[in-house]
Amino acid sequence: MWAFIILAVDVIVLYMIVPFALTRILGWGVHSEVGAEKEIAFTFDDGPDPCYTPELLDLLKEHGIKATFFVLGKKAQQYPELIERMHREGHQIGIHNYTHTPNWIQFPWTNRRKQVDRTADIVERITGERPIFYRPPWGLLNLGDFFLLRESYRIVLWSVMVGDWKASLSAEQLKDALIKKIKPGSIIVLHDSGDTPWADEEAPLNMITGLEEVLKEMDKKGLKCLRIDELLNKEVNYSREARSRVKHRGQIDL
Ligand SMILES: [Zn+2]
């Protein structure tokens, strides 16, 4: 009995807790935040949703903003016209599994084939472009994901999350929380669907209302909203510039 308990604890620690600590605490092997001077990235998970995604796309269009959508393959299959619209309007499409199943309860090879690759195939069939960015549901990776997923996908988590999946968070509270937390280089996670476990169906309504005010504020602050690929490119340039600035001052030769 004790041997079984010890074995179970070891498996949990190795399979779940170690990757959690590496990615969520140390940020190893994932992108959660980047070095940037005045750029940020908005990302939207759990869609596409026939009710909220079109409304969100209208808002982004109105403000001339490009974002990244981490979509569920099953919903992409159901609403290909929304995936097509995201692509046509210049947004980036990433993968958030085929269904909203946590990687902790799946084998890595099953997860890769049945969730991630399957969703990439669906999106590629619709847009002609294969997604390369991946965000696991709830940001939870298992140990095998490090080896199997990182060969073909870049894993993106977030640095700003405000609990927008709860309808009890008003649009005003959401706006205040986002404005307080967003800084250059932030990757912000929001949700354009409310039908995943523990989410409220009508929560995206508050998110979209609050976001409109946040976008105005970002504009005032001179922060530019980019897609994830663009933000990561900025980081490369930012680091290069920082290195040359330091080198120029002769303080350190990197
Ligand atoms: Zn999700």
# chains A, B, ... in the order shown; residues from 1 in each chain; ligands from 1

$ select_by_dssp --residues "region 14-194 of chain A" --states "strand (DSSP E or B)" --output "PyMOL selection string"
chain A and resi 31+33+39-45+68-71+92-95+133-134+154-156+160-161+186-191

$ write_last_selection --atoms "N, CA and C atoms" --output "PDB file, in the first residue's frame"
ATOM      1  N   HIS A  31       7.216  31.076 -23.560  1.00  0.00           N
ATOM      2  CA  HIS A  31       7.219  32.535 -23.618  1.00  0.00           C
ATOM      3  C   HIS A  31       6.066  33.049 -22.760  1.00  0.00           C
ATOM      4  N   GLU A  33       6.447  36.432 -21.167  1.00  0.00           N
ATOM      5  CA  GLU A  33       6.617  37.883 -21.142  1.00  0.00           C
ATOM      6  C   GLU A  33       7.890  38.137 -21.928  1.00  0.00           C
ATOM      7  N   GLU A  39       5.788  47.580 -26.638  1.00  0.00           N
ATOM      8  CA  GLU A  39       4.890  46.656 -27.311  1.00  0.00           C
ATOM      9  C   GLU A  39       4.306  45.639 -26.321  1.00  0.00           C
ATOM     10  N   ILE A  40       3.075  45.227 -26.602  1.00  0.00           N
ATOM     11  CA  ILE A  40       2.407  44.205 -25.784  1.00  0.00           C
ATOM     12  C   ILE A  40       1.631  43.281 -26.741  1.00  0.00           C
ATOM     13  N   ALA A  41       1.115  42.169 -26.229  1.00  0.00           N
ATOM     14  CA  ALA A  41       0.313  41.286 -27.084  1.00  0.00           C
ATOM     15  C   ALA A  41      -0.934  40.829 -26.332  1.00  0.00           C
ATOM     16  N   PHE A  42      -2.088  41.024 -26.973  1.00  0.00           N
ATOM     17  CA  PHE A  42      -3.335  40.472 -26.439  1.00  0.00           C
ATOM     18  C   PHE A  42      -3.557  39.097 -27.061  1.00  0.00           C
ATOM     19  N   THR A  43      -3.905  38.127 -26.209  1.00  0.00           N
ATOM     20  CA  THR A  43      -4.210  36.786 -26.712  1.00  0.00           C
ATOM     21  C   THR A  43      -5.584  36.375 -26.169  1.00  0.00           C
ATOM     22  N   PHE A  44      -6.314  35.622 -26.976  1.00  0.00           N
ATOM     23  CA  PHE A  44      -7.674  35.224 -26.601  1.00  0.00           C
ATOM     24  C   PHE A  44      -7.800  33.709 -26.721  1.00  0.00           C
ATOM     25  N   ASP A  45      -8.215  33.076 -25.626  1.00  0.00           N
ATOM     26  CA  ASP A  45      -8.304  31.607 -25.580  1.00  0.00           C
ATOM     27  C   ASP A  45      -9.754  31.116 -25.657  1.00  0.00           C
ATOM     28  N   THR A  68      -3.672  37.569 -31.097  1.00  0.00           N
ATOM     29  CA  THR A  68      -3.461  36.125 -31.306  1.00  0.00           C
ATOM     30  C   THR A  68      -4.602  35.355 -30.644  1.00  0.00           C
ATOM     31  N   PHE A  69      -5.175  34.412 -31.391  1.00  0.00           N
ATOM     32  CA  PHE A  69      -6.278  33.592 -30.881  1.00  0.00           C
ATOM     33  C   PHE A  69      -5.789  32.158 -30.703  1.00  0.00           C
ATOM     34  N   PHE A  70      -5.843  31.655 -29.463  1.00  0.00           N
ATOM     35  CA  PHE A  70      -5.527  30.247 -29.222  1.00  0.00           C
ATOM     36  C   PHE A  70      -6.845  29.479 -29.251  1.00  0.00           C
ATOM     37  N   VAL A  71      -7.079  28.790 -30.353  1.00  0.00           N
ATOM     38  CA  VAL A  71      -8.403  28.213 -30.601  1.00  0.00           C
ATOM     39  C   VAL A  71      -8.468  26.727 -30.280  1.00  0.00           C
ATOM     40  N   GLN A  92      -3.278  36.322 -35.626  1.00  0.00           N
ATOM     41  CA  GLN A  92      -2.531  35.076 -35.609  1.00  0.00           C
ATOM     42  C   GLN A  92      -3.364  34.000 -34.933  1.00  0.00           C
ATOM     43  N   ILE A  93      -3.267  32.788 -35.461  1.00  0.00           N
ATOM     44  CA  ILE A  93      -4.033  31.689 -34.871  1.00  0.00           C
ATOM     45  C   ILE A  93      -3.070  30.680 -34.263  1.00  0.00           C
ATOM     46  N   GLY A  94      -3.266  30.429 -32.964  1.00  0.00           N
ATOM     47  CA  GLY A  94      -2.467  29.432 -32.252  1.00  0.00           C
ATOM     48  C   GLY A  94      -3.396  28.305 -31.813  1.00  0.00           C
ATOM     49  N   ILE A  95      -2.803  27.288 -31.211  1.00  0.00           N
ATOM     50  CA  ILE A  95      -3.564  26.080 -30.834  1.00  0.00           C
ATOM     51  C   ILE A  95      -3.764  26.014 -29.320  1.00  0.00           C
ATOM     52  N   PHE A 133       2.275  28.273 -32.842  1.00  0.00           N
ATOM     53  CA  PHE A 133       2.237  28.659 -31.429  1.00  0.00           C
ATOM     54  C   PHE A 133       1.177  27.829 -30.702  1.00  0.00           C
ATOM     55  N   TYR A 134       1.506  27.444 -29.487  1.00  0.00           N
ATOM     56  CA  TYR A 134       0.622  26.552 -28.719  1.00  0.00           C
ATOM     57  C   TYR A 134       0.500  27.026 -27.282  1.00  0.00           C
ATOM     58  N   ARG A 154       5.989  26.439 -30.610  1.00  0.00           N
ATOM     59  CA  ARG A 154       6.534  27.321 -29.572  1.00  0.00           C
ATOM     60  C   ARG A 154       5.439  27.531 -28.534  1.00  0.00           C
ATOM     61  N   ILE A 155       5.764  27.289 -27.287  1.00  0.00           N
ATOM     62  CA  ILE A 155       4.752  27.318 -26.232  1.00  0.00           C
ATOM     63  C   ILE A 155       4.652  28.716 -25.635  1.00  0.00           C
ATOM     64  N   VAL A 156       3.433  29.234 -25.609  1.00  0.00           N
ATOM     65  CA  VAL A 156       3.204  30.599 -25.135  1.00  0.00           C
ATOM     66  C   VAL A 156       2.277  30.563 -23.929  1.00  0.00           C
ATOM     67  N   VAL A 160      -0.022  38.401 -17.875  1.00  0.00           N
ATOM     68  CA  VAL A 160      -1.157  39.138 -17.287  1.00  0.00           C
ATOM     69  C   VAL A 160      -2.437  38.326 -17.447  1.00  0.00           C
ATOM     70  N   MET A 161      -3.080  38.035 -16.315  1.00  0.00           N
ATOM     71  CA  MET A 161      -4.354  37.311 -16.313  1.00  0.00           C
ATOM     72  C   MET A 161      -5.197  37.929 -15.203  1.00  0.00           C
ATOM     73  N   SER A 186       4.253  42.784 -21.974  1.00  0.00           N
ATOM     74  CA  SER A 186       3.234  41.891 -21.395  1.00  0.00           C
ATOM     75  C   SER A 186       2.560  41.033 -22.462  1.00  0.00           C
ATOM     76  N   ILE A 187       2.296  39.787 -22.073  1.00  0.00           N
ATOM     77  CA  ILE A 187       1.423  38.920 -22.879  1.00  0.00           C
ATOM     78  C   ILE A 187       0.161  38.745 -22.040  1.00  0.00           C
ATOM     79  N   ILE A 188      -0.953  39.243 -22.566  1.00  0.00           N
ATOM     80  CA  ILE A 188      -2.196  39.275 -21.795  1.00  0.00           C
ATOM     81  C   ILE A 188      -3.109  38.145 -22.267  1.00  0.00           C
ATOM     82  N   VAL A 189      -3.648  37.374 -21.320  1.00  0.00           N
ATOM     83  CA  VAL A 189      -4.586  36.319 -21.710  1.00  0.00           C
ATOM     84  C   VAL A 189      -6.009  36.734 -21.330  1.00  0.00           C
ATOM     85  N   LEU A 190      -6.904  36.637 -22.322  1.00  0.00           N
ATOM     86  CA  LEU A 190      -8.334  36.879 -22.109  1.00  0.00           C
ATOM     87  C   LEU A 190      -9.092  35.738 -22.800  1.00  0.00           C
ATOM     88  N   HIS A 191     -10.403  35.698 -22.637  1.00  0.00           N
ATOM     89  CA  HIS A 191     -11.167  34.559 -23.162  1.00  0.00           C
ATOM     90  C   HIS A 191     -12.373  35.040 -23.972  1.00  0.00           C
TER      91      HIS A 191
END

$ select_by_dssp --residues "region 126-220 of chain A" --states "alpha helix (DSSP H)" --output "NGL selection string"
:A and (126-127 or 143-148 or 171-181 or 203-220)

$ write_last_selection --atoms "N, CA and C atoms" --output "short mmCIF file (atom, residue, chain, number, x, y, z; two decimals), in the first residue's frame"
data_model
loop_
_atom_site.label_atom_id
_atom_site.label_comp_id
_atom_site.auth_asym_id
_atom_site.auth_seq_id
_atom_site.Cartn_x
_atom_site.Cartn_y
_atom_site.Cartn_z
N ILE A 126 -8.15 25.28 -43.20
CA ILE A 126 -9.01 26.46 -43.37
C ILE A 126 -8.23 27.66 -43.90
N THR A 127 -7.04 27.90 -43.34
CA THR A 127 -6.32 29.14 -43.67
C THR A 127 -5.17 28.94 -44.66
N LEU A 143 5.27 16.36 -18.42
CA LEU A 143 6.71 16.24 -18.67
C LEU A 143 7.03 15.91 -20.13
N GLY A 144 6.23 15.02 -20.72
CA GLY A 144 6.46 14.60 -22.11
C GLY A 144 6.26 15.72 -23.12
N ASP A 145 5.41 16.71 -22.78
CA ASP A 145 5.16 17.82 -23.71
C ASP A 145 6.46 18.54 -24.07
N PHE A 146 7.37 18.61 -23.09
CA PHE A 146 8.63 19.30 -23.34
C PHE A 146 9.38 18.69 -24.52
N PHE A 147 9.32 17.36 -24.59
CA PHE A 147 10.07 16.68 -25.64
C PHE A 147 9.27 16.58 -26.93
N LEU A 148 7.97 16.30 -26.81
CA LEU A 148 7.18 16.05 -28.01
C LEU A 148 6.66 17.32 -28.69
N ALA A 171 -17.05 44.82 -16.04
CA ALA A 171 -16.23 45.42 -17.10
C ALA A 171 -15.29 46.48 -16.51
N GLU A 172 -15.80 47.23 -15.54
CA GLU A 172 -15.02 48.29 -14.89
C GLU A 172 -13.82 47.70 -14.11
N GLN A 173 -14.11 46.64 -13.36
CA GLN A 173 -13.03 45.99 -12.58
C GLN A 173 -11.98 45.38 -13.50
N LEU A 174 -12.47 44.78 -14.58
CA LEU A 174 -11.56 44.17 -15.55
C LEU A 174 -10.65 45.23 -16.16
N LYS A 175 -11.25 46.35 -16.53
CA LYS A 175 -10.48 47.45 -17.12
C LYS A 175 -9.40 47.92 -16.13
N ASP A 176 -9.81 48.19 -14.89
CA ASP A 176 -8.85 48.68 -13.89
C ASP A 176 -7.71 47.69 -13.66
N ALA A 177 -8.09 46.39 -13.56
CA ALA A 177 -7.06 45.37 -13.30
C ALA A 177 -6.08 45.29 -14.46
N LEU A 178 -6.59 45.34 -15.69
CA LEU A 178 -5.69 45.24 -16.84
C LEU A 178 -4.77 46.45 -16.92
N ILE A 179 -5.33 47.63 -16.76
CA ILE A 179 -4.52 48.85 -16.86
C ILE A 179 -3.41 48.85 -15.81
N LYS A 180 -3.74 48.34 -14.63
CA LYS A 180 -2.76 48.30 -13.55
C LYS A 180 -1.61 47.31 -13.86
N LYS A 181 -1.97 46.18 -14.47
CA LYS A 181 -0.96 45.13 -14.66
C LYS A 181 -0.16 45.22 -15.95
N ALA A 203 -19.54 35.73 -19.37
CA ALA A 203 -18.36 36.50 -18.95
C ALA A 203 -17.69 37.28 -20.10
N PRO A 204 -17.60 36.71 -21.32
CA PRO A 204 -16.92 37.46 -22.39
C PRO A 204 -17.56 38.81 -22.71
N LEU A 205 -18.82 38.96 -22.35
CA LEU A 205 -19.50 40.23 -22.59
C LEU A 205 -18.82 41.35 -21.80
N ASN A 206 -18.54 41.09 -20.53
CA ASN A 206 -17.82 42.07 -19.69
C ASN A 206 -16.40 42.28 -20.22
N MET A 207 -15.80 41.19 -20.67
CA MET A 207 -14.42 41.29 -21.18
C MET A 207 -14.38 42.25 -22.36
N ILE A 208 -15.31 42.08 -23.30
CA ILE A 208 -15.29 42.92 -24.52
C ILE A 208 -15.59 44.39 -24.16
N THR A 209 -16.53 44.59 -23.24
CA THR A 209 -16.87 45.97 -22.84
C THR A 209 -15.67 46.63 -22.15
N GLY A 210 -15.03 45.90 -21.25
CA GLY A 210 -13.88 46.45 -20.52
C GLY A 210 -12.69 46.66 -21.45
N LEU A 211 -12.52 45.73 -22.39
CA LEU A 211 -11.36 45.80 -23.29
C LEU A 211 -11.39 47.07 -24.14
N GLU A 212 -12.58 47.48 -24.52
CA GLU A 212 -12.69 48.67 -25.37
C GLU A 212 -12.01 49.87 -24.68
N GLU A 213 -12.27 50.01 -23.38
CA GLU A 213 -11.66 51.12 -22.62
C GLU A 213 -10.15 50.91 -22.46
N VAL A 214 -9.75 49.65 -22.29
CA VAL A 214 -8.31 49.35 -22.12
C VAL A 214 -7.56 49.72 -23.41
N LEU A 215 -8.15 49.41 -24.55
CA LEU A 215 -7.47 49.71 -25.82
C LEU A 215 -7.25 51.21 -25.98
N LYS A 216 -8.25 51.99 -25.57
CA LYS A 216 -8.11 53.46 -25.64
C LYS A 216 -6.95 53.91 -24.75
N GLU A 217 -6.87 53.33 -23.56
CA GLU A 217 -5.83 53.67 -22.59
C GLU A 217 -4.44 53.28 -23.10
N MET A 218 -4.36 52.12 -23.76
CA MET A 218 -3.07 51.67 -24.30
C MET A 218 -2.58 52.66 -25.35
N ASP A 219 -3.54 53.14 -26.13
CA ASP A 219 -3.23 54.11 -27.18
C ASP A 219 -2.66 55.39 -26.55
N LYS A 220 -3.32 55.85 -25.49
CA LYS A 220 -2.87 57.07 -24.79
C LYS A 220 -1.45 56.89 -24.24
#

$ residues_near_ligand --ligand "ligand 1" --cutoff "7 Å" --atoms "only C-alpha atoms and all ligand atoms" --output "VMD selection string"
chain A and resid 45 to 46 96 100 137 to 138

$ write_last_selection --atoms "N, CA and C atoms" --output "mmCIF file, in the first residue's frame"
data_model
loop_
_atom_site.group_PDB
_atom_site.id
_atom_site.type_symbol
_atom_site.label_atom_id
_atom_site.label_comp_id
_atom_site.auth_asym_id
_atom_site.auth_seq_id
_atom_site.Cartn_x
_atom_site.Cartn_y
_atom_site.Cartn_z
ATOM 1 N N ASP A 45 -8.215 33.076 -25.626
ATOM 2 C CA ASP A 45 -8.304 31.607 -25.580
ATOM 3 C C ASP A 45 -9.754 31.116 -25.657
ATOM 4 N N ASP A 46 -9.875 29.838 -25.991
ATOM 5 C CA ASP A 46 -11.108 29.040 -25.863
ATOM 6 C C ASP A 46 -12.117 29.197 -26.998
ATOM 7 N N HIS A 96 -4.968 25.565 -28.929
ATOM 8 C CA HIS A 96 -5.295 25.431 -27.500
ATOM 9 C C HIS A 96 -5.916 24.047 -27.259
ATOM 10 N N HIS A 100 -10.940 21.146 -24.619
ATOM 11 C CA HIS A 100 -10.274 21.825 -23.508
ATOM 12 C C HIS A 100 -9.861 20.808 -22.428
ATOM 13 N N PRO A 137 -4.356 24.125 -22.346
ATOM 14 C CA PRO A 137 -5.439 24.551 -21.466
ATOM 15 C C PRO A 137 -4.950 24.719 -20.029
ATOM 16 N N TRP A 138 -5.365 25.778 -19.393
ATOM 17 C CA TRP A 138 -4.962 26.158 -18.028
ATOM 18 C C TRP A 138 -3.444 26.342 -17.899
#

$ residues_around --residues "Gly139 (chain A)" --least-positions-apart "2" --cutoff "9 Å" --atoms "only C-alpha atoms" --output "list of chain:residue names"
A:Phe20, A:Thr23, A:Arg24, A:Pro102, A:Arg135, A:Pro136, A:Pro137, A:Leu141, A:Val156, A:Leu157, A:Trp158

$ atom_distance --atom1 "CA of Asn97 (chain A)" --atom2 "CA of Lys75 (chain A)"
10.3 Å

$ residues_around --residues "Pro184 (chain A)" --least-positions-apart "3" --cutoff "8 Å" --atoms "only C-alpha atoms" --output "list in words"
Gly35, Ala36, Glu37, Lys38, Glu39, Ile40 and Leu223 of chain A

$ write_last_selection --atoms "C-alpha atoms" --output "short mmCIF file (atom, residue, chain, number, x, y, z; two decimals), in the first residue's frame"
data_model
loop_
_atom_site.label_atom_id
_atom_site.label_comp_id
_atom_site.auth_asym_id
_atom_site.auth_seq_id
_atom_site.Cartn_x
_atom_site.Cartn_y
_atom_site.Cartn_z
CA GLY A 35 11.68 42.34 -23.28
CA ALA A 36 10.11 45.18 -25.28
CA GLU A 37 10.10 48.94 -25.12
CA LYS A 38 6.49 49.79 -25.93
CA GLU A 39 4.89 46.66 -27.31
CA ILE A 40 2.41 44.21 -25.78
CA LEU A 223 1.72 50.99 -26.10
#

$ atom_distance --atom1 "CA of Ala3 (chain A)" --atom2 "CA of Asn103 (chain A)"
25.7 Å

$ closest_residue --among "A:Ile122, A:Ala76, A:Val116, A:Met86" --to "Lys61 (chain A)" --atoms "only C-alpha atoms"
A:Met86

$ closest_residue --among "A:Pro48, A:Pro197, A:Gly128, A:Gly222" --to "Ile83 (chain A)" --atoms "only C-alpha atoms"
A:Pro48
